[in-house]
Amino acid sequence: MTAVDFSERPFRISVGATVHRAKAVIIATGASARQLGLPSEQALQARGVSYCATATRLFPDKKVLVCGGGDSRSRRRRT
């Protein structure tokens with residue numbers, strides 16, 4: 001994709017010289033997860049540790065802890 005025009009519907013998505021039209025556009029920026037650095041974190045990945053907040057729906061009957069949220073996971077806070 002080389003350009004997207006959101007000024008009117010259907011949206012126009014340019015791929016080089018070709019223009020596609022779409023009712024919806026999903027923007028996936030390729031964000032990466034930031035780990036907490038706990039000793040057991042990697043060992044428990046995919047066994048209860050998840051880096052996607054929507055994965056909490058996989059455990060409807062369990063207590064879930066979410067670390068970070070919004071854009072807080074991308075910032076380091078100074079205390």
# chains A, B, ... in the order shown; residues from 1 in each chain; ligands from 1

$ residues_around --residues "stretch 20-37 of chain A" --least-positions-apart "4" --cutoff "10 Å" --atoms "only C-alpha atoms" --output "list in words"
Met1, Val4, Asp5, Phe6, Arg9, Pro10, Phe11, Arg12, Ile13, Ser14, Val15, Glu41, Gln42, Ser50, Tyr51, Cys52, Cys67, Gly68, Arg73 and Ser74 of chain A

$ atom_distance --atom1 "atom CA of A:Gly48" --atom2 "atom CA of A:Leu65"
10.6 Å

$ decode --residues "stretch 10-21 of chain A" --atoms "all heavy atoms" --output "compact mmCIF listing (two decimals), in the first residue's frame"
# COMPACT_ATOMS: atom_id res chain seq x y z
N PRO A 10 -16.53 5.28 -1.08
CA PRO A 10 -15.63 4.29 -0.50
C PRO A 10 -14.20 4.83 -0.44
O PRO A 10 -13.81 5.68 -1.24
CB PRO A 10 -15.74 3.10 -1.44
CG PRO A 10 -16.17 3.66 -2.74
CD PRO A 10 -16.98 4.87 -2.41
N PHE A 11 -13.44 4.34 0.54
CA PHE A 11 -12.06 4.78 0.70
C PHE A 11 -11.25 4.32 -0.51
O PHE A 11 -11.56 3.32 -1.14
CB PHE A 11 -11.45 4.18 1.98
CG PHE A 11 -12.21 4.53 3.21
CD1 PHE A 11 -12.66 3.54 4.06
CD2 PHE A 11 -12.46 5.86 3.55
CE1 PHE A 11 -13.35 3.86 5.22
CE2 PHE A 11 -13.15 6.19 4.70
CZ PHE A 11 -13.60 5.18 5.53
N ARG A 12 -10.20 5.07 -0.81
CA ARG A 12 -9.34 4.72 -1.93
C ARG A 12 -7.97 4.30 -1.39
O ARG A 12 -7.32 5.05 -0.68
CB ARG A 12 -9.20 5.89 -2.89
CG ARG A 12 -10.50 6.17 -3.64
CD ARG A 12 -10.32 7.22 -4.71
NE ARG A 12 -9.83 8.49 -4.16
CZ ARG A 12 -10.61 9.52 -3.86
NH1 ARG A 12 -11.89 9.46 -4.06
NH2 ARG A 12 -10.08 10.63 -3.38
N ILE A 13 -7.56 3.10 -1.77
CA ILE A 13 -6.27 2.57 -1.36
C ILE A 13 -5.41 2.42 -2.60
O ILE A 13 -5.79 1.72 -3.53
CB ILE A 13 -6.41 1.19 -0.66
CG1 ILE A 13 -7.29 1.33 0.58
CG2 ILE A 13 -5.07 0.63 -0.27
CD1 ILE A 13 -8.66 0.80 0.38
N SER A 14 -4.28 3.10 -2.62
CA SER A 14 -3.37 3.02 -3.76
C SER A 14 -2.27 2.01 -3.48
O SER A 14 -1.67 2.01 -2.41
CB SER A 14 -2.74 4.38 -4.03
OG SER A 14 -3.74 5.33 -4.34
N VAL A 15 -2.04 1.17 -4.46
CA VAL A 15 -0.93 0.21 -4.42
C VAL A 15 -0.17 0.46 -5.72
O VAL A 15 -0.56 -0.04 -6.77
CB VAL A 15 -1.42 -1.25 -4.33
CG1 VAL A 15 -0.25 -2.21 -4.28
CG2 VAL A 15 -2.33 -1.43 -3.13
N GLY A 16 0.86 1.28 -5.61
CA GLY A 16 1.56 1.71 -6.82
C GLY A 16 0.61 2.52 -7.68
O GLY A 16 -0.05 3.44 -7.21
N ALA A 17 0.46 2.15 -8.95
CA ALA A 17 -0.43 2.87 -9.87
C ALA A 17 -1.87 2.36 -9.81
O ALA A 17 -2.77 2.98 -10.38
CB ALA A 17 0.11 2.75 -11.29
N THR A 18 -2.10 1.26 -9.09
CA THR A 18 -3.44 0.67 -9.01
C THR A 18 -4.20 1.25 -7.82
O THR A 18 -3.65 1.37 -6.73
CB THR A 18 -3.35 -0.86 -8.85
OG1 THR A 18 -2.57 -1.38 -9.92
CG2 THR A 18 -4.71 -1.50 -8.85
N VAL A 19 -5.48 1.61 -8.04
CA VAL A 19 -6.31 2.14 -6.96
C VAL A 19 -7.44 1.17 -6.67
O VAL A 19 -8.17 0.75 -7.58
CB VAL A 19 -6.88 3.53 -7.33
CG1 VAL A 19 -7.81 4.03 -6.24
CG2 VAL A 19 -5.76 4.52 -7.57
N HIS A 20 -7.57 0.77 -5.41
CA HIS A 20 -8.66 -0.10 -4.96
C HIS A 20 -9.62 0.74 -4.14
O HIS A 20 -9.23 1.71 -3.51
CB HIS A 20 -8.10 -1.24 -4.09
CG HIS A 20 -7.09 -2.09 -4.78
ND1 HIS A 20 -7.45 -3.16 -5.56
CD2 HIS A 20 -5.74 -2.03 -4.81
CE1 HIS A 20 -6.35 -3.72 -6.04
NE2 HIS A 20 -5.30 -3.05 -5.59
N ARG A 21 -10.88 0.36 -4.11
CA ARG A 21 -11.89 1.05 -3.30
C ARG A 21 -12.42 0.06 -2.26
O ARG A 21 -12.59 -1.12 -2.54
CB ARG A 21 -13.02 1.56 -4.16
CG ARG A 21 -12.53 2.59 -5.17
CD ARG A 21 -13.70 3.20 -5.93
NE ARG A 21 -13.22 4.09 -6.96
CZ ARG A 21 -12.79 5.32 -6.78
NH1 ARG A 21 -12.74 5.81 -5.57
NH2 ARG A 21 -12.40 6.07 -7.79
